[in-house]
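> One file: upload.cif (mmCIF, C-alpha atoms and all ligand atoms).
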```cif
data_work
loop_
_atom_site.label_atom_id
_atom_site.label_comp_id
_atom_site.auth_asym_id
_atom_site.auth_seq_id
_atom_site.Cartn_x
_atom_site.Cartn_y
_atom_site.Cartn_z
CA MET A 20 -17.00 -18.76 8.47
CA LYS A 21 -16.66 -15.08 9.46
CA LYS A 22 -13.80 -13.27 7.74
CA ILE A 23 -11.54 -10.56 9.06
CA ILE A 24 -9.64 -7.54 7.71
CA ILE A 25 -5.86 -7.44 7.94
CA ALA A 26 -4.29 -3.98 7.72
CA ILE A 27 -0.56 -3.68 7.08
CA ASP A 28 0.87 -0.18 7.31
CA GLY A 29 4.33 1.25 7.47
CA TYR A 30 7.24 2.72 5.60
CA SER A 31 8.29 1.97 2.06
CA ALA A 32 10.19 -1.25 1.24
CA CYS A 33 9.57 -2.96 4.57
CA GLY A 34 8.00 -5.91 2.77
CA LYS A 35 4.38 -4.89 3.34
CA SER A 36 3.05 -5.84 -0.08
CA THR A 37 5.10 -9.04 -0.45
CA THR A 38 3.89 -10.15 2.97
CA ALA A 39 0.30 -9.06 2.37
CA LYS A 40 0.10 -10.98 -0.93
CA LYS A 41 1.35 -14.20 0.66
CA VAL A 42 -0.91 -13.87 3.70
CA ALA A 43 -3.90 -13.27 1.41
CA ALA A 44 -3.03 -16.33 -0.68
CA ALA A 45 -2.67 -18.52 2.44
CA LEU A 46 -6.06 -17.44 3.80
CA ASN A 47 -7.77 -17.32 0.41
CA TYR A 48 -8.46 -13.61 1.00
CA ARG A 49 -8.27 -10.74 -1.48
CA TYR A 50 -5.12 -8.60 -1.51
CA ILE A 51 -5.45 -4.88 -2.17
CA ASP A 52 -2.43 -2.63 -2.75
CA SER A 53 -3.66 0.82 -1.70
CA GLY A 54 -0.32 2.40 -2.69
CA ALA A 55 -0.93 1.28 -6.28
CA MET A 56 -4.12 3.36 -6.28
CA TYR A 57 -2.26 6.51 -5.19
CA ARG A 58 0.42 5.74 -7.76
CA ALA A 59 -2.21 5.40 -10.52
CA VAL A 60 -3.74 8.77 -9.57
CA THR A 61 -0.24 10.29 -9.67
CA LEU A 62 0.44 8.86 -13.12
CA TYR A 63 -2.81 10.38 -14.39
CA PHE A 64 -1.97 13.77 -12.84
CA LEU A 65 1.49 13.70 -14.43
CA ASP A 66 0.25 12.71 -17.87
CA GLN A 67 -2.59 15.25 -17.81
CA PHE A 68 -0.45 18.03 -16.28
CA VAL A 69 -2.93 18.48 -13.43
CA GLU A 70 -1.95 21.44 -11.26
CA LEU A 71 -1.68 20.18 -7.69
CA THR A 72 -2.24 23.67 -6.28
CA ASN A 73 -5.55 24.10 -8.11
CA PRO A 74 -8.30 22.37 -6.05
CA LYS A 75 -10.85 22.56 -8.90
CA ALA A 76 -8.43 20.95 -11.38
CA VAL A 77 -7.75 18.18 -8.84
CA GLU A 78 -11.47 17.56 -8.19
CA ASP A 79 -12.21 17.51 -11.95
CA ALA A 80 -9.36 15.12 -12.63
CA LEU A 81 -10.52 12.75 -9.90
CA LYS A 82 -13.93 12.50 -11.59
CA ASN A 83 -12.18 11.10 -14.69
CA ILE A 84 -10.20 8.43 -12.88
CA GLU A 85 -11.27 4.78 -12.68
CA ILE A 86 -8.93 2.39 -10.94
CA ASP A 87 -9.36 -1.35 -10.74
CA PHE A 88 -7.28 -4.49 -10.29
CA ARG A 89 -7.33 -7.43 -12.70
CA PHE A 90 -5.57 -10.75 -12.40
CA ASN A 91 -2.72 -11.22 -14.89
CA GLU A 92 -2.70 -14.97 -15.65
CA LYS A 93 0.63 -14.78 -17.48
CA LYS A 94 2.49 -13.09 -14.63
CA GLY A 95 0.47 -14.66 -11.82
CA ARG A 96 -0.22 -11.29 -10.18
CA SER A 97 -2.90 -8.67 -9.82
CA ASP A 98 -2.29 -5.68 -12.12
CA THR A 99 -3.43 -2.10 -11.62
CA TYR A 100 -5.64 -0.60 -14.34
CA LEU A 101 -6.17 3.11 -14.87
CA ASN A 102 -9.17 3.96 -17.04
CA GLY A 103 -9.01 0.50 -18.62
CA LEU A 104 -5.25 0.53 -19.29
CA ASN A 105 -2.71 -1.72 -17.57
CA VAL A 106 -0.34 0.65 -15.74
CA GLU A 107 1.23 -1.87 -13.35
CA ASP A 108 4.81 -1.30 -14.53
CA GLU A 109 4.56 2.42 -15.19
CA ILE A 110 3.29 3.27 -11.70
CA ARG A 111 6.41 1.70 -10.11
CA THR A 112 8.90 3.94 -11.93
CA MET A 113 10.94 6.65 -10.17
CA ARG A 114 9.03 9.29 -12.19
CA VAL A 115 5.92 8.37 -10.21
CA SER A 116 7.73 7.69 -6.91
CA GLN A 117 9.17 11.19 -6.96
CA ILE A 118 5.79 12.91 -6.75
CA VAL A 119 3.38 10.30 -5.35
CA SER A 120 3.58 11.56 -1.76
CA GLN A 121 2.71 15.13 -2.78
CA VAL A 122 -0.33 13.88 -4.69
CA SER A 123 -1.31 11.55 -1.82
CA ALA A 124 -1.24 14.42 0.66
CA LEU A 125 -4.07 16.23 -1.16
CA PRO A 126 -7.26 15.87 0.95
CA ALA A 127 -9.48 15.41 -2.13
CA VAL A 128 -7.31 12.56 -3.38
CA ARG A 129 -7.35 10.88 0.04
CA ARG A 130 -11.12 11.16 0.37
CA ALA A 131 -11.67 9.57 -3.06
CA MET A 132 -9.22 6.71 -2.46
CA VAL A 133 -10.34 5.95 1.10
CA ALA A 134 -14.00 5.77 -0.02
CA GLN A 135 -13.11 3.30 -2.80
CA GLN A 136 -10.96 1.20 -0.46
CA GLN A 137 -13.75 1.02 2.11
CA ARG A 138 -16.15 -0.22 -0.58
CA MET A 139 -13.63 -2.91 -1.56
CA GLY A 140 -13.47 -4.16 2.03
CA LYS A 141 -17.20 -4.27 2.73
CA GLN A 142 -17.34 -8.07 2.61
CA ARG A 143 -14.17 -8.35 4.75
CA GLY A 144 -11.80 -11.20 3.83
CA ILE A 145 -9.13 -8.79 2.62
CA VAL A 146 -5.51 -7.94 3.30
CA MET A 147 -4.74 -4.31 2.48
CA ASP A 148 -1.39 -2.57 2.79
CA GLY A 149 -0.57 1.13 2.80
CA ARG A 150 -0.05 4.04 5.16
CA ASP A 151 -3.43 4.68 6.80
CA ILE A 152 -5.28 1.37 6.53
CA GLY A 153 -5.40 0.60 10.26
CA THR A 154 -6.01 4.24 11.23
CA ALA A 155 -8.35 5.74 8.61
CA VAL A 156 -9.57 3.15 6.09
CA PHE A 157 -10.37 0.26 8.44
CA PRO A 158 -10.00 1.41 12.05
CA ASP A 159 -12.01 -1.71 12.94
CA ALA A 160 -9.57 -4.13 11.23
CA GLU A 161 -9.11 -7.23 13.39
CA VAL A 162 -5.37 -7.46 12.69
CA LYS A 163 -3.15 -4.40 12.33
CA VAL A 164 0.58 -4.54 11.74
CA PHE A 165 2.91 -1.56 11.53
CA MET A 166 6.20 -2.23 9.71
CA THR A 167 9.47 -0.39 9.77
CA ALA A 168 13.09 -1.18 8.84
CA ASP A 169 16.49 0.45 8.66
CA ILE A 170 16.53 3.10 5.89
CA THR A 171 19.67 1.75 4.16
CA ILE A 172 18.24 -1.77 4.09
CA ARG A 173 14.98 -0.44 2.68
CA ALA A 174 16.84 1.54 0.00
CA TYR A 175 18.97 -1.46 -0.92
CA ARG A 176 15.82 -3.60 -1.37
CA ARG A 177 14.26 -0.92 -3.59
CA GLN A 178 17.47 -0.55 -5.60
CA GLN A 179 17.50 -4.28 -6.35
CA GLU A 180 13.89 -4.14 -7.50
CA LEU A 181 14.51 -1.17 -9.79
CA LEU A 182 17.62 -2.87 -11.17
CA GLU A 183 15.58 -5.94 -12.08
CA LYS A 184 13.35 -3.61 -14.13
CA GLY A 185 16.34 -1.98 -15.82
CA GLU A 186 16.29 1.25 -13.79
CA MET A 187 19.68 2.10 -12.21
CA PHE A 188 19.84 4.48 -9.26
CA ASP A 189 22.47 5.28 -6.63
CA LEU A 190 21.66 4.14 -3.12
CA ASP A 191 21.88 7.77 -1.97
CA GLU A 192 19.29 8.87 -4.49
CA ILE A 193 16.90 6.17 -3.31
CA ILE A 194 17.54 7.02 0.34
CA GLU A 195 16.66 10.65 -0.45
CA ASN A 196 13.43 9.59 -2.15
CA LEU A 197 12.45 7.34 0.76
CA LYS A 198 13.28 10.01 3.35
CA SER A 199 11.33 12.69 1.51
CA ARG A 200 8.29 10.39 1.11
CA ASP A 201 8.51 9.34 4.79
CA TYR A 202 8.53 13.00 5.78
CA ILE A 203 5.54 13.99 3.66
CA ASP A 204 3.62 10.82 4.59
CA THR A 205 4.11 11.36 8.33
CA HIS A 206 3.48 15.13 8.30
CA ARG A 207 0.43 15.55 6.04
CA SER A 208 -2.73 16.95 7.64
CA GLU A 209 -5.10 14.18 6.53
CA SER A 210 -4.53 10.58 7.70
CA PRO A 211 -0.76 10.78 8.15
CA LEU A 212 1.35 7.65 8.48
CA VAL A 213 1.28 6.77 12.16
CA GLN A 214 1.14 3.52 14.09
CA ALA A 215 -2.40 2.73 15.25
CA PRO A 216 -2.46 2.22 19.04
CA ASP A 217 -3.70 -1.35 18.56
CA ALA A 218 -1.21 -2.27 15.80
CA TYR A 219 1.59 -4.79 16.28
CA PHE A 220 5.01 -3.26 15.60
CA LEU A 221 7.38 -5.21 13.36
CA ASP A 222 10.94 -4.21 12.44
CA THR A 223 11.72 -6.19 9.29
CA SER A 224 15.39 -5.14 8.89
CA PHE A 225 16.72 -8.60 9.66
CA LEU A 226 13.69 -10.75 8.94
CA THR A 227 13.08 -12.89 5.90
CA ILE A 228 9.83 -12.60 3.98
CA ASP A 229 8.83 -16.05 5.28
CA GLU A 230 9.32 -14.90 8.88
CA GLN A 231 7.17 -11.83 8.24
CA VAL A 232 4.44 -13.92 6.66
CA GLU A 233 4.52 -16.37 9.55
CA TYR A 234 4.21 -13.52 12.07
CA VAL A 235 1.13 -12.02 10.39
CA LEU A 236 -0.45 -15.41 9.71
CA GLN A 237 -0.21 -16.36 13.39
CA LEU A 238 -1.95 -13.15 14.43
CA ALA A 239 -4.60 -13.62 11.74
CA THR A 240 -5.29 -17.26 12.54
CA SER A 241 -5.88 -16.59 16.22
CA LYS A 242 -8.22 -13.68 15.39
CA ILE A 243 -10.18 -15.81 12.91
CA ILE A 244 -10.58 -18.57 15.51
CA GLU A 245 -11.61 -16.04 18.16
CA LYS A 246 -14.13 -14.37 15.85
CA ASN A 247 -15.76 -17.64 14.86
CA LYS A 248 -15.83 -18.90 18.48
CA THR A 249 -17.64 -15.72 19.50
CA THR A 250 -20.17 -16.31 16.74
CA ILE A 251 -20.86 -19.86 17.95
CA THR A 252 -21.24 -18.94 21.62
CA THR A 253 -23.47 -15.92 20.94
CA CYS A 254 -25.79 -17.72 18.46
O1 LIG B 301 5.73 0.45 -2.33
P1 LIG B 301 6.09 1.68 -1.60
O2 LIG B 301 6.13 1.43 -0.13
O3 LIG B 301 7.24 2.40 -2.13
O4 LIG B 301 4.94 2.72 -1.73
P2 LIG B 301 3.45 2.45 -2.02
O5 LIG B 301 2.81 1.60 -0.99
O6 LIG B 301 3.32 2.06 -3.43
O7 LIG B 301 2.88 3.91 -1.79
C1 LIG B 301 3.34 5.00 -2.56
C2 LIG B 301 2.96 6.28 -1.86
O8 LIG B 301 1.53 6.38 -1.84
C3 LIG B 301 3.38 6.42 -0.40
O9 LIG B 301 4.69 6.93 -0.25
C4 LIG B 301 2.34 7.38 0.14
O10 LIG B 301 2.68 8.71 -0.18
C5 LIG B 301 1.10 7.02 -0.68
N1 LIG B 301 0.16 6.16 0.06
C6 LIG B 301 -0.69 6.77 0.95
O11 LIG B 301 -0.62 7.98 1.16
N2 LIG B 301 -1.62 6.03 1.60
C7 LIG B 301 -1.71 4.72 1.40
N3 LIG B 301 -2.66 4.02 2.04
C8 LIG B 301 -0.83 4.08 0.51
C9 LIG B 301 0.12 4.82 -0.14
O1 LIG B 302 5.33 -2.99 0.19
P1 LIG B 302 6.65 -2.47 0.67
O2 LIG B 302 7.06 -1.23 -0.05
O3 LIG B 302 6.70 -2.30 2.15
O4 LIG B 302 7.76 -3.56 0.36
P2 LIG B 302 7.77 -4.74 -0.70
O5 LIG B 302 7.47 -4.17 -2.03
O6 LIG B 302 6.96 -5.87 -0.23
O7 LIG B 302 9.28 -5.18 -0.59
C1 LIG B 302 10.32 -4.45 -1.21
C2 LIG B 302 11.42 -5.41 -1.63
O8 LIG B 302 12.12 -5.82 -0.47
C3 LIG B 302 10.91 -6.66 -2.32
O9 LIG B 302 11.77 -6.97 -3.38
C4 LIG B 302 11.00 -7.71 -1.23
O10 LIG B 302 11.21 -9.01 -1.73
C5 LIG B 302 12.21 -7.23 -0.45
N1 LIG B 302 12.21 -7.68 0.96
C6 LIG B 302 13.19 -8.52 1.37
O11 LIG B 302 14.04 -8.89 0.59
N2 LIG B 302 13.21 -8.96 2.68
C7 LIG B 302 12.29 -8.56 3.55
N3 LIG B 302 12.32 -9.00 4.79
C8 LIG B 302 11.28 -7.68 3.14
C9 LIG B 302 11.27 -7.24 1.80
#
```
Mind turning the file's structure into structure tokens?

Amino acid sequence: MKKIIIAIDGYSACGKSTTAKKVAAALNYRYIDSGAMYRAVTLYFLDQFVELTNPKAVEDALKNIEIDFRFNEKKGRSDTYLNGLNVEDEIRTMRVSQIVSQVSALPAVRRAMVAQQQRMGKQRGIVMDGRDIGTAVFPDAEVKVFMTADITIRAYRRQQELLEKGEMFDLDEIIENLKSRDYIDTHRSESPLVQAPDAYFLDTSFLTIDEQVEYVLQLATSKIIEKNKTTITTC
């Protein structure tokens, strides 16, 4: 059975990763959180005081970064590892969120991450979410979805998540963080956040997670059928 690539891009807190994980589980595909990779790089840069304006320091730091994902049996999720250490919780903190878009805008960082993501998807059979998956990482992805949602709804969702982890932030502070990341993500020179011309547009403001999953699964299922039909008729 031929497998496909599903690319889910869009703004923060639209439900990309929650949807992507469930779609991957339903299809028995691998889920890859590309944002976690940029967050892990950011954590390293923060801890090592890497100067973002110094291209040599950035290049040198990137050579010392190994990122991988390992399944956490206890929590039933895939955790992000940075140089062998589990950083899954640390990369989701506001400390990282506040600077991740600046780090992600650096061309050297993007080149390194995109190359690793493309290697991960070589066998297809993956669902990857991020900002540039359908445009730069896998322009040939069979299914592309671009998600957006109302900024206040997105901020409220993020606030609830942070609260569950014991981090309390005003809605306004979260809105500011989301707006500033949106701006940097959509205005950077290399692979900015933009809807691919062949991506399906989905506003998730008033959708449930189940509805989002259903929407992507329907698109994926018809593509998988189409791809395997083509294989049979052309053999
Ligand atoms: O989960 P959330 O939507 O808040 O963000 P994320 O997916 O964890 O991504 C964090 C940041 O990484 C984004 O705001 C982007 O600056 C960057 N990113 C990127 O540039 N390209 C990607 N493919 C994924 C994330
Ligand atoms: O990956 P992305 O940043 O786009 O969003 P997410 O991490 O999947 O979702 C952010 C939060 O919003 C999670 O707690 C989701 O459960 C929640 N969410 C929701 O409650 N309803 C939706 N329709 C979409 C997301």
> Which residues sit within 8 Å of ligand LIG 301 (chain B), counting all atoms listed in the file, listed as a PyMOL selection string?
chain A and resi 28-33+35-36+52-58+111+116+119-124+129+133+148-152+177+197+200-201+203-204+211-212
> With distances taken over all atoms listed in the file, which of A:Val69, A:Phe90, A:Pro126, A:Thr112 is nearest to Lys184 of chain A?
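Among the listed residues, A:Thr112 lies closest to Lys184 of chain A.
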> With only C-alpha atoms and all ligand atoms as the atoms that count, which of A:Leu236, A:Ala155, A:Ala43, A:Ile228 lies nearest to ligand LIG 302 (chain B)?
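The closest residue to ligand LIG 302 (chain B) is A:Ile228.
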> Can you pull out every residue within 9 Å of Lys242 of chain A, counting all atoms listed in the file, but drop anything in the same chain fewer than 3 positions away, and send it as a VMD selection string?
chain A and resid 23 161 to 162 237 to 239 245 to 247
> Could you save those same residues with C-alpha atoms as a short mmCIF file (atom, residue, chain, number, x, y, z; two decimals), in the frame of the given file?

```cif
data_model
loop_
_atom_site.label_atom_id
_atom_site.label_comp_id
_atom_site.auth_asym_id
_atom_site.auth_seq_id
_atom_site.Cartn_x
_atom_site.Cartn_y
_atom_site.Cartn_z
CA ILE A 23 -11.54 -10.56 9.06
CA GLU A 161 -9.11 -7.23 13.39
CA VAL A 162 -5.37 -7.46 12.69
CA GLN A 237 -0.21 -16.36 13.39
CA LEU A 238 -1.95 -13.15 14.43
CA ALA A 239 -4.60 -13.62 11.74
CA GLU A 245 -11.61 -16.04 18.16
CA LYS A 246 -14.13 -14.37 15.85
CA ASN A 247 -15.76 -17.64 14.86
#
```
> Do you know which residues are at most 12 Å from Glu195 of chain A counting all atoms listed in the file, after dropping those on the same chain fewer than 4 positions away, and could you put them as an mmCIF file with C-alpha atoms, in the frame of the given file?

```
data_model
loop_
_atom_site.group_PDB
_atom_site.id
_atom_site.type_symbol
_atom_site.label_atom_id
_atom_site.label_comp_id
_atom_site.auth_asym_id
_atom_site.auth_seq_id
_atom_site.Cartn_x
_atom_site.Cartn_y
_atom_site.Cartn_z
ATOM 1 C CA MET A 113 10.940 6.650 -10.170
ATOM 2 C CA SER A 116 7.730 7.690 -6.910
ATOM 3 C CA GLN A 117 9.170 11.190 -6.960
ATOM 4 C CA ILE A 170 16.530 3.100 5.890
ATOM 5 C CA THR A 171 19.670 1.750 4.160
ATOM 6 C CA ARG A 173 14.980 -0.440 2.680
ATOM 7 C CA ALA A 174 16.840 1.540 0.000
ATOM 8 C CA PHE A 188 19.840 4.480 -9.260
ATOM 9 C CA ASP A 189 22.470 5.280 -6.630
ATOM 10 C CA LEU A 190 21.660 4.140 -3.120
ATOM 11 C CA ASP A 191 21.880 7.770 -1.970
ATOM 12 C CA SER A 199 11.330 12.690 1.510
ATOM 13 C CA ARG A 200 8.290 10.390 1.110
ATOM 14 C CA ASP A 201 8.510 9.340 4.790
ATOM 15 C CA TYR A 202 8.530 13.000 5.780
#
```
> Quick one: residues within 10 Å of Phe64 of chain A, all atoms listed in the file counted, chain neighbours fewer than 2 positions away excluded, as a PyMOL selection string?
chain A and resi 58-62+66-71+76-77+80-81+84+115+118-119+122
> Do you know which residues lie at most 7 Å from (5.5, -5.3, 13.4), with coordinates as in the file and only C-alpha atoms counted, and could you write them as a list of chain:residue names?
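Every residue inside that radius is included here: A:Val164, A:Phe165, A:Met166, A:Tyr219, A:Phe220, A:Leu221, A:Asp222.
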> Any chance you can output those residues with C-alpha atoms as a PDB file, in the frame of the given file?

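To be explicit, this is the file written out as selection_15.pdb:
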```pdb
ATOM      1  CA  VAL A 164       0.580  -4.540  11.740  1.00  0.00           C
ATOM      2  CA  PHE A 165       2.910  -1.560  11.530  1.00  0.00           C
ATOM      3  CA  MET A 166       6.200  -2.230   9.710  1.00  0.00           C
ATOM      4  CA  TYR A 219       1.590  -4.790  16.280  1.00  0.00           C
ATOM      5  CA  PHE A 220       5.010  -3.260  15.600  1.00  0.00           C
ATOM      6  CA  LEU A 221       7.380  -5.210  13.360  1.00  0.00           C
ATOM      7  CA  ASP A 222      10.940  -4.210  12.440  1.00  0.00           C
TER       8      ASP A 222
END
```
> Have a look at atom C5 of ligand LIG 302 (chain B) and atom CA of Leu104 of chain A and let me know their distance in Å, one decimal.
26.8 Å
> Could you tell me which of A:Arg89, A:Arg49, A:Lys40, A:Arg130 comes closest to Gly144 of chain A if we count all atoms listed in the file?
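Checking each candidate against Gly144 of chain A, we get A:Arg49 as the closest.
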> Go through A:Thr240, A:Thr205, A:Asn73, A:Thr227 and flag the residue nearest ligand LIG 302 (chain B), using all atoms listed in the file for the distances.
A:Thr227
> Out of A:Phe88, A:Tyr63, A:Tyr50, A:Phe157, which residue has the shortest atom-to-atom distance to ligand LIG 302 (chain B) when counting all atoms listed in the file?
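For ligand LIG 302 (chain B), the nearest of the given residues is A:Tyr50.
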> Would you please work out which residue, of A:Gly34, A:Asp98, A:Tyr234, A:Pro216, is nearest to ligand LIG 302 (chain B) when using all atoms listed in the file?
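Using all atoms listed in the file, ligand LIG 302 (chain B) sits closest to A:Gly34.
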> Can you work out the spacing between atom O11 of ligand LIG 302 (chain B) and atom CA of Arg176 of chain A in Å, to one decimal?
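Here the two named atoms are 5.9 Å from each other.
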> For the atom pair atom CA of Leu125 of chain A and atom CA of Leu65 of chain A, what is the interatomic distance in Å to one decimal place?
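Rounded to one decimal, the two atoms are 14.6 Å apart.
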> Write out as a VMD selection string which residues come within 8 Å of Lys41 of chain A when counting all atoms listed in the file, dropping same-chain ones fewer than 4 positions away.
chain A and resid 37 45 232
> Give the centre and edge lengths of an axis-aligned box, in Å to one decimal, that holds all listed atoms of ligand LIG 302 (chain B) with 6 Å on each side, as AutoDock Vina command-line options.

```
--center_x 9.7 --center_y -5.1 --center_z 0.7 --size_x 20.7 --size_y 19.8 --size_z 20.2
```
